[in-house]
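**Q** You'll find query.cif just under this line, and it carries mmCIF, C-alpha atoms.
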data_entry
loop_
_atom_site.label_atom_id
_atom_site.label_comp_id
_atom_site.auth_asym_id
_atom_site.auth_seq_id
_atom_site.Cartn_x
_atom_site.Cartn_y
_atom_site.Cartn_z
CA MET A 1 -4.41 -3.70 -16.87
CA LEU A 2 -4.09 -3.23 -13.12
CA PRO A 3 -6.81 -1.79 -10.89
CA TYR A 4 -6.59 1.95 -10.34
CA ALA A 5 -5.37 1.55 -6.78
CA ALA A 6 -2.33 2.41 -4.69
CA TYR A 7 -0.95 0.42 -1.76
CA LEU A 8 0.70 1.14 1.56
CA ARG A 9 2.55 -1.98 2.72
CA VAL A 10 4.50 -3.08 5.76
CA TYR A 11 7.20 -5.70 5.30
CA GLU A 12 8.12 -7.43 8.55
CA PRO A 13 11.38 -9.33 9.14
CA LEU A 14 11.10 -13.08 9.52
CA THR A 15 11.90 -12.68 13.22
CA ALA A 16 8.52 -10.96 13.67
CA PHE A 17 6.69 -14.21 12.89
CA ALA A 18 6.27 -17.12 15.27
CA GLU A 19 6.91 -20.70 14.22
CA PRO A 20 5.83 -22.49 12.11
CA GLU A 21 4.90 -19.35 10.14
CA ARG A 22 8.48 -18.04 10.23
CA SER A 23 9.90 -21.16 8.58
CA ALA A 24 7.06 -21.21 6.05
CA TRP A 25 7.81 -17.66 4.92
CA ALA A 26 11.55 -18.37 4.77
CA GLU A 27 10.88 -21.33 2.50
CA TYR A 28 8.45 -19.25 0.45
CA ALA A 29 10.99 -16.48 -0.07
CA ASP A 30 13.45 -18.98 -1.55
CA SER A 31 10.83 -20.66 -3.73
CA THR A 32 11.36 -20.43 -7.48
CA ASP A 33 7.67 -20.68 -8.41
CA ARG A 34 6.19 -17.92 -6.27
CA PRO A 35 5.01 -14.69 -7.95
CA ARG A 36 8.05 -12.47 -8.34
CA ARG A 37 8.04 -8.92 -7.01
CA ALA A 38 7.66 -7.43 -10.49
CA THR A 39 4.53 -9.46 -11.29
CA ALA A 40 3.02 -10.12 -7.87
CA LEU A 41 0.46 -7.32 -8.15
CA GLN A 42 -0.74 -8.71 -11.50
CA ALA A 43 -1.04 -12.19 -9.98
CA GLU A 44 -2.97 -10.86 -7.00
CA HIS A 45 -5.33 -8.95 -9.30
CA ALA A 46 -5.90 -12.02 -11.50
CA GLU A 47 -6.93 -14.05 -8.44
CA ALA A 48 -9.40 -11.35 -7.43
CA LEU A 49 -10.94 -11.25 -10.91
CA ARG A 50 -11.47 -15.02 -10.93
CA ARG A 51 -13.31 -14.81 -7.62
CA LEU A 52 -15.50 -11.90 -8.68
CA LEU A 53 -16.42 -13.49 -12.02
CA ALA A 54 -17.62 -16.69 -10.38
CA ALA A 55 -21.36 -17.31 -10.02
CA PRO A 56 -22.16 -16.48 -7.30
CA PRO A 57 -19.10 -14.27 -6.70
CA VAL A 58 -16.53 -15.49 -4.19
CA VAL A 59 -16.34 -12.43 -1.98
CA ALA A 60 -13.69 -13.92 0.32
CA PRO A 61 -11.62 -17.06 -0.31
CA GLY A 62 -12.19 -20.02 1.97
CA GLN A 63 -8.56 -20.09 3.11
CA GLU A 64 -6.01 -17.38 3.74
CA SER A 65 -3.51 -16.70 0.96
CA ARG A 66 -0.11 -18.33 1.17
CA HIS A 67 1.50 -15.58 -0.91
CA ALA A 68 3.40 -12.46 0.11
CA TYR A 69 5.50 -9.63 -1.27
CA VAL A 70 9.17 -10.22 -0.50
CA ARG A 71 12.11 -7.88 0.04
CA ARG A 72 15.74 -8.49 0.98
CA SER A 73 18.05 -6.04 2.71
CA ASP A 74 21.41 -6.49 4.41
CA GLY A 75 21.04 -10.25 4.34
CA MET A 76 17.58 -10.19 5.92
CA ILE A 77 14.27 -11.29 4.42
CA TYR A 78 11.15 -9.17 4.83
CA VAL A 79 7.64 -10.24 3.87
CA SER A 80 4.32 -8.48 3.44
CA PRO A 81 1.65 -11.21 3.42
CA TRP A 82 -1.17 -10.75 0.92
CA GLN A 83 -3.77 -11.70 3.59
CA THR A 84 -6.33 -11.94 0.81
CA ARG A 85 -9.06 -13.43 2.97
CA LEU A 86 -8.73 -10.84 5.74
CA ARG A 87 -8.52 -7.93 3.30
CA SER A 88 -11.56 -9.25 1.40
CA TRP A 89 -13.57 -9.45 4.61
CA MET A 90 -12.54 -5.94 5.61
CA ALA A 91 -13.30 -4.53 2.15
CA PHE A 92 -16.70 -6.20 2.05
CA THR A 93 -17.55 -4.80 5.48
CA ARG A 94 -16.72 -1.28 4.26
CA PHE A 95 -18.73 -1.93 1.09
CA ARG A 96 -21.87 -2.92 3.03
CA GLU A 97 -21.51 0.01 5.42
CA SER A 98 -21.07 2.59 2.67
CA LEU A 99 -24.08 1.75 0.47
CA PRO A 100 -27.79 1.07 0.94
CA ALA A 101 -28.76 -2.58 1.33
CA ALA A 102 -30.67 -2.53 -1.98
CA VAL A 103 -27.45 -1.64 -3.78
CA THR A 104 -25.17 -4.14 -2.03
CA ASP A 105 -27.76 -6.92 -2.49
CA ALA A 106 -27.57 -6.35 -6.23
CA PHE A 107 -23.90 -7.32 -6.14
CA VAL A 108 -24.00 -9.99 -3.43
CA PRO A 109 -27.27 -11.72 -2.46
CA ALA A 110 -28.28 -10.98 1.13
CA PRO A 111 -28.03 -14.64 2.34
CA LEU A 112 -24.48 -14.89 0.99
CA ALA A 113 -23.55 -11.50 2.43
CA ASP A 114 -24.82 -12.56 5.87
CA GLN A 115 -22.84 -15.78 5.62
CA ILE A 116 -19.65 -13.88 4.80
CA THR A 117 -20.21 -11.45 7.67
CA GLY A 118 -20.82 -14.34 10.05
CA GLU A 119 -17.59 -16.06 9.00
CA PHE A 120 -15.65 -12.87 9.65
CA GLU A 121 -17.19 -12.42 13.09
CA ARG A 122 -16.42 -16.01 14.07
CA TRP A 123 -12.85 -15.57 12.87
CA LYS A 124 -12.41 -12.46 15.02
CA GLN A 125 -13.87 -14.25 18.06
CA GLN A 126 -11.10 -16.82 17.80
CA SER A 127 -8.70 -14.13 19.08
CA HIS A 128 -7.37 -13.26 15.64
CA THR A 129 -5.92 -9.78 15.29
CA VAL A 130 -7.52 -7.69 12.54
CA ARG A 131 -4.21 -6.37 11.30
CA SER A 132 -3.60 -6.09 7.58
CA HIS A 133 -0.07 -5.61 6.29
CA ILE A 134 -1.49 -3.90 3.21
CA LEU A 135 -3.77 -0.88 2.88
CA SER A 136 -5.26 0.05 -0.49
CA SER A 137 -6.78 3.23 -1.90
CA THR A 138 -8.65 3.41 -5.21
CA TRP A 139 -8.38 6.36 -7.61
CA HIS A 140 -6.17 8.45 -5.34
CA ILE A 141 -3.52 8.41 -2.62
CA PRO A 142 -4.50 9.94 0.73
CA ILE A 143 -2.26 12.83 1.69
CA ALA A 144 -1.46 11.06 4.97
CA TRP A 145 0.23 8.24 3.05
CA PHE A 146 2.93 10.59 1.79
CA VAL A 147 3.98 11.60 5.30
CA PRO A 148 6.13 8.54 6.25
CA PHE A 149 8.50 9.15 3.33
CA VAL A 150 10.91 11.72 1.91
CA ALA A 151 11.74 12.54 -1.69
CA ALA A 152 15.13 10.78 -1.52
CA GLU A 153 13.36 7.42 -1.06
CA ARG A 154 11.64 7.47 -4.44
CA TRP A 155 12.10 4.75 -7.08
CA LEU A 156 10.72 5.45 -10.54
CA VAL A 157 10.88 3.08 -13.51
CA LEU A 158 9.17 4.10 -16.75
CA THR A 159 10.19 1.49 -19.32
CA PRO A 160 11.91 -1.90 -19.28
CA ARG A 161 15.24 -0.37 -20.27
CA SER A 162 14.88 3.10 -18.87
CA GLU A 163 17.20 4.57 -16.35
CA ILE A 164 16.08 4.04 -12.79
CA HIS A 165 15.47 7.51 -11.40
CA ASP A 166 17.01 7.08 -7.99
CA HIS A 167 17.11 10.01 -5.61
CA GLY A 168 19.12 8.61 -2.74
CA ASP A 169 19.48 5.40 -0.75
CA ARG A 170 16.81 2.75 -1.24
CA ALA A 171 15.85 1.41 2.17
CA GLY A 172 15.72 -2.35 2.05
CA ASP A 173 15.36 -2.91 -1.68
CA ASP A 174 15.62 -6.51 -2.86
CA GLY A 175 14.94 -5.49 -6.40
CA VAL A 176 11.76 -3.43 -6.38
CA HIS A 177 11.59 -3.94 -10.11
CA ALA A 178 13.25 -7.35 -10.34
CA GLU A 179 14.53 -9.85 -7.81
CA GLN A 180 18.03 -10.94 -6.97
CA GLU A 181 18.31 -14.56 -8.04
CA GLY A 182 21.58 -15.77 -6.57
CA ASP A 183 23.65 -12.74 -7.52
CA SER A 184 23.84 -9.01 -6.89
CA ARG A 185 22.40 -7.84 -10.21
CA VAL A 186 19.13 -5.90 -10.12
CA THR A 187 17.48 -4.99 -13.41
CA PRO A 188 14.29 -3.06 -14.06
CA ALA A 189 11.18 -5.13 -14.66
CA PRO A 190 9.00 -4.46 -17.70
CA VAL A 191 6.46 -2.35 -15.84
CA ARG A 192 5.98 1.30 -15.02
CA THR A 193 6.51 1.66 -11.30
CA LEU A 194 6.67 4.40 -8.72
CA VAL A 195 7.40 3.41 -5.13
CA TYR A 196 8.84 4.85 -1.93
CA VAL A 197 10.49 2.68 0.72
CA THR A 198 11.69 3.57 4.20
CA SER A 199 12.44 2.00 7.57
CA MET A 200 9.74 1.68 10.19
CA ALA A 201 11.77 3.86 12.56
CA GLU A 202 11.88 6.73 10.06
CA ALA A 203 8.23 6.30 9.12
CA ARG A 204 7.09 6.49 12.74
CA ARG A 205 9.30 9.48 13.49
CA ARG A 206 7.97 11.43 10.52
CA VAL A 207 4.36 10.59 11.31
CA GLU A 208 4.76 11.55 14.96
CA ARG A 209 6.26 14.88 13.93
CA ALA A 210 3.41 15.44 11.46
CA VAL A 211 0.75 14.69 14.06
CA THR A 212 2.28 17.26 16.42
CA VAL A 213 2.53 19.89 13.68
CA VAL A 214 -0.98 19.33 12.36
CA ARG A 215 -2.56 19.44 15.81
CA SER A 216 -0.88 22.73 16.62
CA GLY A 217 -1.60 24.25 13.23
CA LEU A 218 -4.96 22.86 12.15
CA GLY A 219 -6.44 21.14 15.14
CA GLU A 220 -8.69 18.32 13.94
CA ASP A 221 -8.69 19.29 10.25
CA ARG A 222 -10.25 16.43 8.29
CA THR A 223 -7.76 16.63 5.44
CA TRP A 224 -4.86 15.69 7.69
CA SER A 225 -6.76 13.56 10.22
CA GLY A 226 -5.62 10.40 8.45
CA VAL A 227 -2.05 11.02 9.63
CA GLN A 228 -2.95 9.84 13.13
CA ALA A 229 -4.64 6.74 11.68
CA VAL A 230 -1.47 5.91 9.72
CA GLY A 231 0.53 6.29 12.93
CA TRP A 232 -1.74 3.89 14.80
CA TRP A 233 -1.50 1.37 11.97
CA LEU A 234 2.31 1.53 11.86
CA SER A 235 2.51 1.03 15.62
CA GLU A 236 1.05 -2.47 15.25
CA PHE A 237 4.12 -3.86 13.47
CA HIS A 238 7.69 -4.85 14.24
CA ALA A 239 10.03 -1.94 14.96
CA GLU A 240 12.52 -3.12 12.32
CA ALA A 241 9.98 -3.50 9.53
CA LEU A 242 10.03 -1.65 6.20
CA VAL A 243 7.26 0.58 4.89
CA GLU A 244 6.44 0.94 1.20
CA LEU A 245 4.16 3.27 -0.76
CA ASP A 246 3.37 1.75 -4.16
CA TYR A 247 1.49 3.83 -6.74
CA GLY A 248 0.30 0.51 -8.17
CA GLY A 249 -2.16 0.83 -11.04
CA LEU A 250 -2.40 4.60 -10.61
CA VAL A 251 0.73 4.97 -12.75
CA GLN A 252 -1.53 4.13 -15.71
CA LEU A 253 -3.32 7.44 -15.19
CA PHE A 254 -0.13 9.50 -15.64
CA ASP A 255 2.14 9.85 -18.65
CA ASP A 256 5.91 9.63 -18.21
CA GLN A 257 6.30 13.39 -17.93
CA ALA A 258 3.68 13.58 -15.18
CA LEU A 259 5.29 10.73 -13.23
CA ASN A 260 8.69 12.38 -13.49
CA ALA A 261 7.15 15.61 -12.21
CA ASP A 262 5.17 13.99 -9.41
CA GLN A 263 6.69 15.10 -6.11
CA SER A 264 3.72 14.54 -3.85
CA VAL A 265 5.88 13.28 -0.99
CA ALA A 266 8.13 16.34 -1.17
CA GLU A 267 5.13 18.67 -1.39
CA ALA A 268 3.52 17.12 1.68
CA SER A 269 6.81 17.48 3.56
CA VAL A 270 7.20 21.15 2.56
CA ALA A 271 3.58 21.84 3.52
CA LEU A 272 4.23 20.44 6.99
CA THR A 273 7.46 22.42 7.34
CA GLY A 274 5.64 25.59 6.32
CA MET A 275 2.95 24.87 8.90
CA GLU A 276 5.59 24.23 11.54
CA GLN A 277 7.37 27.49 10.77
CA GLY A 278 4.19 29.55 10.50
CA LYS A 279 4.60 30.10 6.76
CA ALA A 280 0.96 29.96 5.80
CA GLU A 281 1.48 30.92 2.14
CA LEU A 282 4.01 28.14 1.60
CA THR A 283 1.76 25.59 3.26
CA LEU A 284 -1.23 26.67 1.20
CA ALA A 285 0.74 26.58 -2.06
CA MET A 286 1.96 23.01 -1.49
CA TYR A 287 -1.46 21.91 -0.28
CA ARG A 288 -3.11 23.29 -3.41
CA ARG A 289 -0.59 21.52 -5.64
CA LEU A 290 -1.38 18.23 -3.95
CA LEU A 291 -5.13 18.72 -4.16
CA THR A 292 -5.03 19.79 -7.80
CA ARG A 293 -3.01 16.75 -8.89
CA TRP A 294 -5.07 14.20 -7.02
CA ARG A 295 -8.44 15.87 -7.61
CA PHE A 296 -7.88 15.36 -11.32
CA VAL A 297 -7.05 11.68 -10.83
CA ARG A 298 -9.96 11.03 -8.49
CA ALA A 299 -12.39 12.68 -10.90
CA LEU A 300 -11.61 9.98 -13.45
CA GLU A 301 -13.56 7.48 -11.32
CA ALA A 302 -16.78 9.08 -12.53
CA ALA A 303 -15.64 9.71 -16.10
CA ASN A 304 -17.74 8.23 -18.91
#
Once you've parsed the file, please lay out its structure as structure tokens.
**A**
Amino acid sequence: MLPYAAYLRVYEPLTAFAEPERSAWAEYADSTDRPRRATALQAEHAEALRRLLAAPPVVAPGQESRHAYVRRSDGMIYVSPWQTRLRSWMAFTRFRESLPAAVTDAFVPAPLADQITGEFERWKQQSHTVRSHILSSTWHIPIAWFVPFVAAERWLVLTPRSEIHDHGDRAGDDGVHAEQEGDSRVTPAPVRTLVYVTSMAEARRRVERAVTVVRSGLGEDRTWSGVQAVGWWLSEFHAEALVELDYGGLVQLFDDQALNADQSVAEASVALTGMEQGKAELTLAMYRRLLTRWRFVRALEAAN
């Protein structure tokens, strides 16, 4: 059982990394014992559970993860490092800022929490860039995350032997659902998966267009304000990177019919087009469809 979370990932080409990191990732990509793409999320989740079940809990590992998600396209290797330590630090910071101290202390004793915070601050002072290749969202997908993609970039796999519902070219796929191991065959992995993949150039262009449309149509509307944040995040990475939206564990909250019918990316695109063309009714209709679908999912967080 995966966590009820979705992920927005950036895969950078090996050329984006300096040595010796570049060679290390190249060797990792060719390794036969690394977590494969189809099971990497399960492996990452298992590591997190082991840390949280420790006494006291290991909020952030002592060393950065040596694992990454891997893609291949046109003879090039792309990696999205797990960055488990950095992401744990960032998540814990948000956790402490979002809840009263009495609540956070119940999960992590104050002395340990202060130690973790101090380690993160010292790490940042060593001129490290706080740049995570992976963003996560629990119980829902922010509307802004749909903007970098179009419907034709969707990959949907429902069962191990089901037909891959492919609506167009897959940008940079090395086997989203299984990896190429020395040949050109790509077979679905035994998991339910819904992902979108696009190039960084397309993602940035679509986000820039959305920012312009939203500002002219809604000003600083909070619902769409995350689009600018996504644009800033994408600007931190290599221009030839790949961008992936992975529904992750959220696919467990939909049956096959609902996943087939899910066109959130298309609806967000139509809503923006309607806004751009002054078609308020069209924009409102698509916006309501998005909110209705994801309001239902998000409400499950508080279900008994």
**Q** Quick one, how far is CA of Thr212 (chain A) from CA of Glu12 (chain A)?
**A**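 Answer for the CA of Thr212 (chain A) to CA of Glu12 (chain A) separation: 26.6 Å.
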**Q** Name the residues captured by the PyMOL selection byres ((chain A and resi 107-122) around 12) when it is applied to the shown file; answer as a PyMOL selection string.
**A** chain A and resi 52-63+85-97+99-106+123-130
**Q** Could you name the residues that touch Arg293 (chain A) at 10 Å or less, counting only C-alpha atoms, but leaving out those on the same chain fewer than 3 positions away, as a short mmCIF file (atom, residue, chain, number, x, y, z; two decimals) with C-alpha atoms, keeping the file's coordinate frame?
**A**
data_model
loop_
_atom_site.label_atom_id
_atom_site.label_comp_id
_atom_site.auth_asym_id
_atom_site.auth_seq_id
_atom_site.Cartn_x
_atom_site.Cartn_y
_atom_site.Cartn_z
CA HIS A 140 -6.17 8.45 -5.34
CA ALA A 258 3.68 13.58 -15.18
CA ASP A 262 5.17 13.99 -9.41
CA SER A 264 3.72 14.54 -3.85
CA ARG A 288 -3.11 23.29 -3.41
CA ARG A 289 -0.59 21.52 -5.64
CA LEU A 290 -1.38 18.23 -3.95
CA PHE A 296 -7.88 15.36 -11.32
CA VAL A 297 -7.05 11.68 -10.83
CA ARG A 298 -9.96 11.03 -8.49
#
**Q** Taking all atoms listed in the file into account, name the residue in A:Glu21, A:Leu41, A:Ser98, A:Thr273 that is nearest to Arg66 (chain A).
**A**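 Nearest candidate to Arg66 (chain A) out of A:Glu21, A:Leu41, A:Ser98, A:Thr273: A:Glu21.
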**Q** Can you list, as a ChimeraX atom specification, the residues that the PyMOL selection byres ((chain A and resi 34) around 12) selects here?
**A** /A:25,27-33,35-40,43-44,66-70,179
**Q** On this structure, which residues satisfy the PyMOL selection byres ((chain A and resi 204) around 10), written as a PyMOL selection string?
**A** chain A and resi 147-149+199-203+205-210+230-232+234-235+239+243
**Q** Report the distance between CA of Val10 (chain A) and CA of Ser80 (chain A) in Å, rounded to one decimal place.
**A** 5.9 Å
**Q** Build an axis-aligned box that encloses every atom of region 124-139 of chain A listed in the file, pad it by 3 Å on each side, and report its centre and edge lengths in Å to one decimal, as lines of an AutoDock Vina configuration file.
**A**
center_x = -7.0
center_y = -5.2
center_z = 5.7
size_x = 19.8
size_y = 29.2
size_z = 32.7
**Q** Of the candidates A:Ser132, A:Thr159, A:Gln252, A:Ser23, which one gets nearest to Leu8 (chain A) if we count only C-alpha atoms?
**A**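 The answer is A:Ser132, which sits nearest to Leu8 (chain A).
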**Q** So how many Å separate CA of Thr198 (chain A) and CA of Ser73 (chain A), to one decimal?
**A** 11.6 Å
**Q** When you count only C-alpha atoms, which of these residues is closest to Glu301 (chain A): A:Val211, A:Leu253, A:Ala241, A:Ala152?
**A**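 That would be A:Leu253, the residue with the smallest distance to Glu301 (chain A).
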**Q** Using only C-alpha atoms, which residue out of A:Phe146, A:Tyr196, A:Trp82, A:Trp155 lies closest to Val270 (chain A)?
**A** A:Phe146
**Q** Applying 8 Å and only C-alpha atoms, which residues near Thr193 (chain A) remain after dropping the ones on its own chain fewer than 3 positions away? List them as a PyMOL selection string.
**A** chain A and resi 155-158+177+246-248+251
**Q** My list of candidates is A:Tyr11, A:Phe17, A:Trp139, A:Tyr4. Which is closest to Arg295 (chain A) when distances are computed with all atoms listed in the file?
**A**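 When distances to Arg295 (chain A) are compared using all atoms listed in the file, the smallest one comes from A:Trp139.
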**Q** Please write region 83-94 of chain A of the preceding block to a file containing all heavy atoms, as a short mmCIF file (atom, residue, chain, number, x, y, z; two decimals), in the first residue's frame?
**A**
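The result, written out as decode_36.cif:
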data_model
loop_
_atom_site.label_atom_id
_atom_site.label_comp_id
_atom_site.auth_asym_id
_atom_site.auth_seq_id
_atom_site.Cartn_x
_atom_site.Cartn_y
_atom_site.Cartn_z
N GLN A 83 16.93 12.36 -3.17
CA GLN A 83 17.24 13.45 -2.22
C GLN A 83 16.44 13.27 -0.92
O GLN A 83 15.85 14.22 -0.41
CB GLN A 83 16.94 14.81 -2.86
CG GLN A 83 17.82 15.13 -4.08
CD GLN A 83 17.41 16.42 -4.75
OE1 GLN A 83 16.35 16.49 -5.38
NE2 GLN A 83 18.24 17.45 -4.62
N THR A 84 16.47 12.08 -0.39
CA THR A 84 15.66 11.76 0.78
C THR A 84 15.97 12.65 1.97
O THR A 84 15.07 13.09 2.68
CB THR A 84 15.86 10.29 1.16
OG1 THR A 84 15.61 9.48 0.02
CG2 THR A 84 14.92 9.89 2.28
N ARG A 85 17.23 12.90 2.21
CA ARG A 85 17.61 13.73 3.36
C ARG A 85 17.09 15.15 3.22
O ARG A 85 16.48 15.69 4.14
CB ARG A 85 19.13 13.73 3.51
CG ARG A 85 19.61 14.27 4.86
CD ARG A 85 21.12 14.32 4.92
NE ARG A 85 21.58 14.52 6.29
CZ ARG A 85 22.77 15.04 6.59
NH1 ARG A 85 23.61 15.40 5.62
NH2 ARG A 85 23.13 15.20 7.85
N LEU A 86 17.32 15.76 2.05
CA LEU A 86 16.86 17.13 1.82
C LEU A 86 15.35 17.20 1.91
O LEU A 86 14.79 18.10 2.56
CB LEU A 86 17.34 17.61 0.45
CG LEU A 86 16.79 18.97 -0.01
CD1 LEU A 86 17.15 20.06 0.97
CD2 LEU A 86 17.29 19.30 -1.41
N ARG A 87 14.65 16.28 1.26
CA ARG A 87 13.18 16.32 1.27
C ARG A 87 12.64 16.08 2.68
O ARG A 87 11.60 16.65 3.05
CB ARG A 87 12.65 15.29 0.29
CG ARG A 87 12.89 15.67 -1.17
CD ARG A 87 12.67 14.50 -2.10
NE ARG A 87 11.31 13.97 -1.99
CZ ARG A 87 10.98 12.73 -2.30
NH1 ARG A 87 11.91 11.86 -2.68
NH2 ARG A 87 9.72 12.34 -2.19
N SER A 88 13.32 15.26 3.47
CA SER A 88 12.89 15.03 4.86
C SER A 88 13.05 16.30 5.67
O SER A 88 12.17 16.66 6.45
CB SER A 88 13.71 13.90 5.48
OG SER A 88 13.47 12.67 4.82
N TRP A 89 14.18 16.97 5.51
CA TRP A 89 14.39 18.25 6.20
C TRP A 89 13.31 19.26 5.83
O TRP A 89 12.74 19.93 6.70
CB TRP A 89 15.76 18.81 5.84
CG TRP A 89 16.91 18.30 6.65
CD1 TRP A 89 16.87 17.83 7.93
CD2 TRP A 89 18.27 18.22 6.22
NE1 TRP A 89 18.14 17.46 8.33
CE2 TRP A 89 19.01 17.70 7.30
CE3 TRP A 89 18.94 18.54 5.05
CZ2 TRP A 89 20.40 17.50 7.23
CZ3 TRP A 89 20.31 18.35 4.97
CH2 TRP A 89 21.03 17.83 6.05
N MET A 90 13.05 19.38 4.55
CA MET A 90 12.07 20.35 4.08
C MET A 90 10.67 20.01 4.59
O MET A 90 9.92 20.90 5.02
CB MET A 90 12.09 20.42 2.54
CG MET A 90 13.41 20.92 1.97
SD MET A 90 13.55 20.75 0.17
CE MET A 90 12.32 21.93 -0.38
N ALA A 91 10.32 18.73 4.57
CA ALA A 91 9.01 18.31 5.05
C ALA A 91 8.87 18.55 6.55
O ALA A 91 7.80 18.98 7.02
CB ALA A 91 8.78 16.83 4.73
N PHE A 92 9.94 18.29 7.30
CA PHE A 92 9.87 18.49 8.74
C PHE A 92 9.75 19.98 9.07
O PHE A 92 9.05 20.37 10.02
CB PHE A 92 11.10 17.90 9.42
CG PHE A 92 11.05 17.97 10.92
CD1 PHE A 92 10.08 17.26 11.62
CD2 PHE A 92 11.94 18.76 11.63
CE1 PHE A 92 10.00 17.32 13.00
CE2 PHE A 92 11.87 18.83 13.02
CZ PHE A 92 10.90 18.10 13.70
N THR A 93 10.41 20.81 8.30
CA THR A 93 10.29 22.26 8.51
C THR A 93 8.84 22.70 8.30
O THR A 93 8.30 23.47 9.10
CB THR A 93 11.22 23.01 7.54
OG1 THR A 93 12.58 22.63 7.79
CG2 THR A 93 11.07 24.52 7.71
N ARG A 94 8.21 22.22 7.23
CA ARG A 94 6.81 22.57 6.98
C ARG A 94 5.92 22.02 8.10
O ARG A 94 4.96 22.68 8.53
CB ARG A 94 6.36 22.01 5.63
CG ARG A 94 7.02 22.66 4.43
CD ARG A 94 6.32 22.26 3.14
NE ARG A 94 6.41 20.84 2.89
CZ ARG A 94 7.38 20.25 2.19
NH1 ARG A 94 8.35 20.98 1.68
NH2 ARG A 94 7.36 18.95 1.99
#
